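Colleague: Following this message is one structure expressed as structure tokens.
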Amino acid sequence: MSTVFLYALVGVVLFSLGLYALIVHAHLLRKILAINVMGSGVFLVLVALAKRTGEDTPDPVPHAMVITGIVVAVSATALALTLMLKLTAETGNAELPEDSRE
Amino acid sequence: MLQWALDALLGLGLLWLAWCALMSPNLLKAIVLFVAFGLLMALAWVRLDAPDIALAEAAIGAGLTGALLLAALARLRFAYADEETVGSPAQEEAKVRFPQWLPAVPLLLVVAGLGYVVLSLPPYATGLSTEVTANLESSGVSNPVTAVLLNFRGYDTLLELVVLLVALLGVWSLDGLALGRETAPGPVLDTLSRFLTPVFILVAAYLLWVGAHAPGGAFQAGSVLGAAGVLLLLAGWRFRAGLTELPLRLVLVAGPGAFVIVALVTMLMEGQLLEYSPEQASILILFLETTATFSIGATLAALFFGGRPQDDKEHT
Amino acid sequence: MGTVITKIPWGVLLILLPLMGGMACFLWPRIAKILGLVLTFVGVLSVVGLGWQIMSNGVYHHAVGGWGAPLGINLYADGLSLLMLAITALVGFGISVYSSGYFERQHSTRFWPLWLLVLAALNALFLSNDIFNLYVTLEVMGLAAVALAALTGSRDALSGAMRYLLANLLGSLSYLFGVALLYHGFGSVDITTLAVQVKGSPTTWAALGLIGAGLVLKTALFPLHFWLPPAHASAPAPVSALLSALVVKASFYILLRLWLEIFGPLGGDVDTLFGVLGAVAVLWGSLQALRQTRLKLLVAYSTVAQIGYLFLAFPLAMSAGVMAWNAAVYLALSHALAKAAMFLATGNMLRFGGHDRIADLDRVVQRLPLTATAFALAGVSIMGLPPSGGFIGKWLLLEVALAQGQWGLVVIIVLGGLLAAGYVFKVLGQAFTQAAVMHESRAVPASMEWAALLLAFGAILLGFLATPVLSLVGIGSPFGAHEVMP
């Protein structure tokens, strides 16, 4: 197995680890961390598999996509953290209310 | 063989750090581990011949995201300072809602399925690299990643700058808690910021310039600029009151704004959106990257700051 | 005259104008409202221009950067995209008119830039022919929609928006993973190229699973609808209208487009799964709507039910492609108009009465006749009574189900309509009871009442436009050319 597939598999596991943490954790900061780890997993899959060109230079298109993805991730993280802080200021708790429906 | 062992070690290290960051009982520790994870990711990008991403990851993924997370945690704990129960480690502990193994079972199936799929892909595939190489000559730059970002798929990059702007609009419309000045920065931070800011600006300028033919470009340069902004903000530096209104907003909009204008003008000249004539491509890309660098830097620093800058004036 | 209209690149303007408008609103908040109104109206004109272009020249192509697929990004508009753009422009204009009266100064400066950027993202999404570009448009739309949903800053709005954001991000990452697999499996992110390249393989099925799950989560199909009612019910009225009428349709559109071009022809049993989930969504959403005591939650659960209907078309399309898809598109269009009208009308009642407890709405309903009419007309379309767009959509769906002997689906379609009648009359019934309690009342500007009413009229009017609308959607034969139009 070449290193390409090694890193791609690590990406798959990171995605799933993040998903697991997103499901089991209640604290919003942990959920936000989990989303970021999931994102890193997807990026790793994208870039690792771009190395299969058989030459020295990998396929640059996924690289550009991942740079886009990193910027999107930091934007989303900033918005999520602000929402979390505002919600905590309102409820006194950095978790989602169990069920806000009446 | 040694190479292989290095990659295997790096992969395992990534998984272990991610697991520890996600499962650490202490939130501060979790964030620190997450930053370490980001730095290790940067190393993985280098191993995967993706130096452009390594730079972006180190600056944004680990650096700025880490700063955002730490600032959020500090504000979270600060908000609880008067109450006893909340904010104590007990409340921050990794609380789980149902048996931890329950979601693990389907997720193991997901890992197995996706792992199988990834391994089933052919060992060789050129993707679009041949097309990129064939057209690199007329793209205006010689770094293929920059060519994809600013020329071949420049439209994505335009929308990506809009994503950044939207995030800031969202943070501002939420009345995010602006970074306070509760604590004096102290002489170390003060000196550090005075010394590092010019260095950061030089690094940013270098990354911007070099992006045309080597790893670097607007996003890396912009995030270094943003890091300089974060450092200055931490050292207690603030905008002069008069500058926080329109001038600041103009800097924030400059990147996507210049992109849209170039898109319209090129469409009028050449017929298609963002179609650069080969002679003008490099100068247009440099222009777009320069405005984008300033906007990205300013936006990232503003995201770190949190609330609208003018709020600061009112509160202090 | 005609040549000028056909030369202007309307499709591109539909993206760039609201984009520039959003930035201008951010720079100069004082002119935000007027600029927003003007630009959403120009949006309606641009769609007319694009429609003219498409009808005279055929489908719209634009190779961004001049590269063309697979290296560059292509914009593409056929009848299906055109109708989605048209409904976005119409509902968008209604929302703009309503919002000009709804928001006070502080919220107004925050609303307009985000709203115009959502509009730009929606238009960009309906025009894109590139699955990675679609990811970026989804992110612009999603983050701006979350920020708008949290606008009031109340406890419910914040928790609703937080849940919405997490669901959105999870959906996007799942979608992006699917995109990664498709790119590495078949070497392109252009939909037309992929349509030729993609073959049934483990990669394809995994990509379908990831993309499908991500988009189904964003579209809020049962059982992944948990985030929708709190987010849609706690947002400001024009934002609720935007989210329920347009934003959930955007992710549905991507799913439909990818299904038609890439995944559908490969077979598999996913369409049955979509049908079953859709059927459960119709029943579950309607029953939950009936149970609600707050009007906004009732309307939000009704969206969960109506989204279910859209997915009933998948199993039916196996042997009656064009007709089943026509039904789904018709339902999506009329739901956009009717649900926008319903949420706007609800906003009027909420402002007038200061609350949205259904049991105490009697006086509100009786004192706002235009708003009550808007709610009733929108209700007619949601129930699927003639004459209305909802009726045409459900009728088409029913016809296909009957022709195929799918009795289960027939029962679901009819039962869903009866349940919808139940929750609509639960509200309207208040108009016929004796108003006893006096409530505090706050004036509702005429623009807000008329915006709701005209959108509701639109949903009714759609009931008379079946022939032109169905011939429009056939341009470029998005549903495949192998079948004759009914």
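In the structure tokens, each chain is lettered A, B, ... as it comes, each chain's residues begin at 1, and ligands are numbered from 1 in order of appearance.
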Please identify all residues of chain A having at least one atom at most 6 Å from any atom of chain C, considering only C-alpha atoms, and return them as a list in words.

Modeller: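 That gives Val42, Leu46, Leu87 and Glu90 of chain A for chain A.
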
Colleague: Based on the selection just made, write all heavy atoms of those residues as a compact mmCIF listing (two decimals), in the first residue's frame.

Modeller:
```
# COMPACT_ATOMS: atom_id res chain seq x y z
N VAL A 42 -11.73 15.22 5.44
CA VAL A 42 -12.11 15.34 4.03
C VAL A 42 -10.97 15.95 3.22
O VAL A 42 -10.65 15.48 2.12
CB VAL A 42 -13.39 16.20 3.89
CG1 VAL A 42 -13.78 16.31 2.43
CG2 VAL A 42 -14.52 15.61 4.68
N LEU A 46 -8.96 14.43 -0.06
CA LEU A 46 -8.86 15.16 -1.33
C LEU A 46 -7.40 15.27 -1.79
O LEU A 46 -7.08 15.01 -2.95
CB LEU A 46 -9.43 16.57 -1.14
CG LEU A 46 -10.83 16.84 -1.67
CD1 LEU A 46 -11.32 18.19 -1.19
CD2 LEU A 46 -10.87 16.79 -3.18
N LEU A 87 -25.33 32.31 22.87
CA LEU A 87 -26.28 31.36 23.44
C LEU A 87 -25.97 31.11 24.91
O LEU A 87 -26.87 31.05 25.76
CB LEU A 87 -26.23 30.06 22.63
CG LEU A 87 -27.26 29.00 23.00
CD1 LEU A 87 -28.66 29.51 22.70
CD2 LEU A 87 -27.02 27.72 22.23
N GLU A 90 -27.16 33.77 27.07
CA GLU A 90 -28.60 33.74 27.28
C GLU A 90 -29.03 32.62 28.24
O GLU A 90 -29.93 32.80 29.05
CB GLU A 90 -29.34 33.53 25.95
CG GLU A 90 -29.36 34.74 25.05
CD GLU A 90 -30.30 35.81 25.57
OE1 GLU A 90 -31.36 35.46 26.12
OE2 GLU A 90 -29.97 37.01 25.42
```

Colleague: I'd like the neighbourhood of Leu81 in chain A as a ChimeraX atom specification, where a residue qualifies if any of its atoms comes within 9 Å (using only C-alpha atoms), though same-chain residues fewer than 6 positions away should be ignored.

Modeller: /A:28-29,32 /B:68-69,72

Colleague: Taking 5 positions as the minimum chain separation for residues in the same chain, which residues sit within 10 Å of Met448 in chain C when counting only C-alpha atoms? Answer as number ranges by chain.

Modeller: C: 94-102, 238, 344-345, 347-348, 370-371, 453

Colleague: Check the smallest atom-to-atom distance from each of C:Pro386, C:Gly212, C:Gly429, C:Pro18 to Ala372 in chain C using only C-alpha atoms, then report the winner.

Modeller: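 Selected residue with least distance to Ala372 in chain C: C:Gly429.
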
Colleague: Quick check: residues of chain B within 8 Å of chain C, only C-alpha atoms, returned as a PyMOL selection string.

Modeller: chain B and resi 113-114+117-118+120-122+125-128+131-132+151-156+159-160+162-163+166-167+169-171+173-174+246+249-250+253+257+260+272-276

Colleague: Okay, now the selection with N, CA and C atoms, as a compact mmCIF listing (two decimals), in the first residue's frame?

Modeller:
```txt
# COMPACT_ATOMS: atom_id res chain seq x y z
N GLY B 113 -16.61 0.96 5.13
CA GLY B 113 -17.13 1.19 3.79
C GLY B 113 -16.31 2.21 3.03
N LEU B 114 -16.10 3.36 3.67
CA LEU B 114 -15.35 4.41 2.98
C LEU B 114 -13.90 4.00 2.77
N VAL B 117 -13.84 1.86 -0.22
CA VAL B 117 -14.02 2.65 -1.44
C VAL B 117 -12.73 3.37 -1.82
N VAL B 118 -12.08 3.96 -0.81
CA VAL B 118 -10.85 4.69 -1.09
C VAL B 118 -9.79 3.74 -1.66
N SER B 120 -10.36 1.10 -3.29
CA SER B 120 -10.76 0.55 -4.58
C SER B 120 -10.45 1.52 -5.72
N LEU B 121 -10.05 2.75 -5.40
CA LEU B 121 -9.74 3.70 -6.47
C LEU B 121 -8.48 3.26 -7.18
N PRO B 122 -8.38 3.54 -8.48
CA PRO B 122 -7.19 3.13 -9.22
C PRO B 122 -5.94 3.80 -8.65
N ALA B 125 -4.10 8.10 -11.39
CA ALA B 125 -5.12 8.92 -12.02
C ALA B 125 -4.54 10.31 -12.13
N THR B 126 -4.68 10.91 -13.31
CA THR B 126 -4.05 12.22 -13.48
C THR B 126 -4.99 13.34 -13.05
N GLY B 127 -6.28 13.06 -12.92
CA GLY B 127 -7.20 14.13 -12.58
C GLY B 127 -7.17 15.20 -13.65
N LEU B 128 -7.05 16.44 -13.23
CA LEU B 128 -7.01 17.53 -14.20
C LEU B 128 -5.60 18.08 -14.37
N GLU B 131 -4.49 18.99 -17.92
CA GLU B 131 -5.14 20.22 -18.43
C GLU B 131 -4.50 21.45 -17.81
N VAL B 132 -4.24 21.37 -16.50
CA VAL B 132 -3.64 22.52 -15.82
C VAL B 132 -2.27 22.80 -16.42
N ASN B 151 -7.27 31.79 -11.52
CA ASN B 151 -7.63 31.88 -12.93
C ASN B 151 -8.62 30.79 -13.33
N PHE B 152 -8.18 29.53 -13.34
CA PHE B 152 -9.06 28.47 -13.86
C PHE B 152 -10.35 28.37 -13.07
N ARG B 153 -10.24 28.43 -11.73
CA ARG B 153 -11.43 28.37 -10.89
C ARG B 153 -11.54 29.64 -10.05
N GLY B 154 -11.24 30.77 -10.67
CA GLY B 154 -11.27 32.03 -9.94
C GLY B 154 -12.65 32.35 -9.38
N TYR B 155 -13.68 31.87 -10.05
CA TYR B 155 -15.05 32.14 -9.61
C TYR B 155 -15.31 31.53 -8.22
N ASP B 156 -14.76 30.35 -7.99
CA ASP B 156 -14.86 29.75 -6.65
C ASP B 156 -14.21 30.67 -5.61
N LEU B 159 -16.34 33.58 -4.68
CA LEU B 159 -17.40 33.21 -3.72
C LEU B 159 -16.81 32.89 -2.35
N GLU B 160 -15.60 32.38 -2.33
CA GLU B 160 -14.96 32.05 -1.06
C GLU B 160 -14.68 33.31 -0.26
N VAL B 162 -16.49 35.86 -0.45
CA VAL B 162 -17.81 36.24 0.04
C VAL B 162 -18.17 35.46 1.30
N VAL B 163 -17.77 34.18 1.35
CA VAL B 163 -18.02 33.38 2.56
C VAL B 163 -17.38 34.05 3.77
N VAL B 166 -19.38 37.04 4.69
CA VAL B 166 -20.65 36.64 5.32
C VAL B 166 -20.43 36.27 6.78
N ALA B 167 -19.33 35.54 7.04
CA ALA B 167 -19.06 35.15 8.42
C ALA B 167 -18.90 36.39 9.29
N LEU B 169 -20.10 39.42 8.69
CA LEU B 169 -21.42 40.06 8.81
C LEU B 169 -22.24 39.35 9.88
N GLY B 170 -22.16 38.02 9.88
CA GLY B 170 -22.90 37.25 10.88
C GLY B 170 -22.41 37.55 12.28
N VAL B 171 -21.10 37.56 12.47
CA VAL B 171 -20.54 37.83 13.80
C VAL B 171 -20.95 39.23 14.25
N SER B 173 -23.56 40.97 13.21
CA SER B 173 -25.00 41.12 13.41
C SER B 173 -25.45 40.43 14.69
N LEU B 174 -24.61 39.53 15.20
CA LEU B 174 -24.95 38.87 16.47
C LEU B 174 -24.54 39.71 17.67
N LEU B 246 -16.50 53.70 7.76
CA LEU B 246 -16.38 53.38 6.34
C LEU B 246 -14.99 52.86 5.93
N ARG B 249 -14.63 49.24 6.71
CA ARG B 249 -15.52 48.42 5.88
C ARG B 249 -15.02 48.35 4.45
N LEU B 250 -14.42 49.43 3.97
CA LEU B 250 -13.87 49.41 2.62
C LEU B 250 -12.76 48.38 2.50
N VAL B 253 -14.23 44.88 2.33
CA VAL B 253 -14.94 44.57 1.09
C VAL B 253 -14.01 44.57 -0.12
N GLY B 257 -14.89 42.82 -3.57
CA GLY B 257 -15.33 43.93 -4.42
C GLY B 257 -14.48 44.03 -5.68
N VAL B 260 -15.31 41.20 -8.05
CA VAL B 260 -16.55 41.36 -8.82
C VAL B 260 -16.33 42.37 -9.94
N GLN B 272 -16.37 36.57 -21.45
CA GLN B 272 -16.76 35.67 -20.37
C GLN B 272 -16.31 36.24 -19.03
N LEU B 273 -17.06 35.88 -18.02
CA LEU B 273 -16.75 36.30 -16.66
C LEU B 273 -15.32 35.86 -16.30
N LEU B 274 -14.51 36.80 -15.77
CA LEU B 274 -13.17 36.47 -15.29
C LEU B 274 -12.27 35.86 -16.37
N GLU B 275 -12.54 36.22 -17.62
CA GLU B 275 -11.67 35.75 -18.69
C GLU B 275 -10.58 36.80 -18.90
N TYR B 276 -9.35 36.45 -18.50
CA TYR B 276 -8.26 37.41 -18.64
C TYR B 276 -7.57 37.17 -19.97
```

Colleague: Name all residues at most 9 Å from Ala204 in chain B (count only C-alpha atoms; drop same-chain ones fewer than 2 positions away) and give them as a VMD selection string.

Modeller: chain B and resid 199 to 202 206 to 209 217 to 218 220 to 225 293

Colleague: To test your reading of the structure, identify every residue in chain A that backbone DSSP assigns to helix (DSSP H, G or I), and report it as a ChimeraX atom specification.

Modeller: /A:3-24,28-49,60-91

Colleague: Using only C-alpha atoms, which residues of chain A come within 6 Å of chain B, and what is the closest atom pair for each, with the distance in Å to one decimal? Give it as a tab-separated table, sorted by chain and residue number.

Modeller:
```
residue	atom	partner	partner_atom	distance
A:Leu9	CA	B:Gly115	CA	5.9
A:Val24	CA	B:Val96	CA	5.3
A:His25	CA	B:Val96	CA	5.2
A:Arg52	CA	B:Tyr124	CA	4.8
A:Thr53	CA	B:Thr126	CA	4.5
A:Asp59	CA	B:Ser129	CA	4.6
A:Pro60	CA	B:Val145	CA	5.2
A:Ala64	CA	B:Val145	CA	5.6
A:Ser75	CA	B:Ala167	CA	5.4
A:Leu79	CA	B:Val171	CA	5.7
A:Thr82	CA	B:Gly176	CA	5.8
```
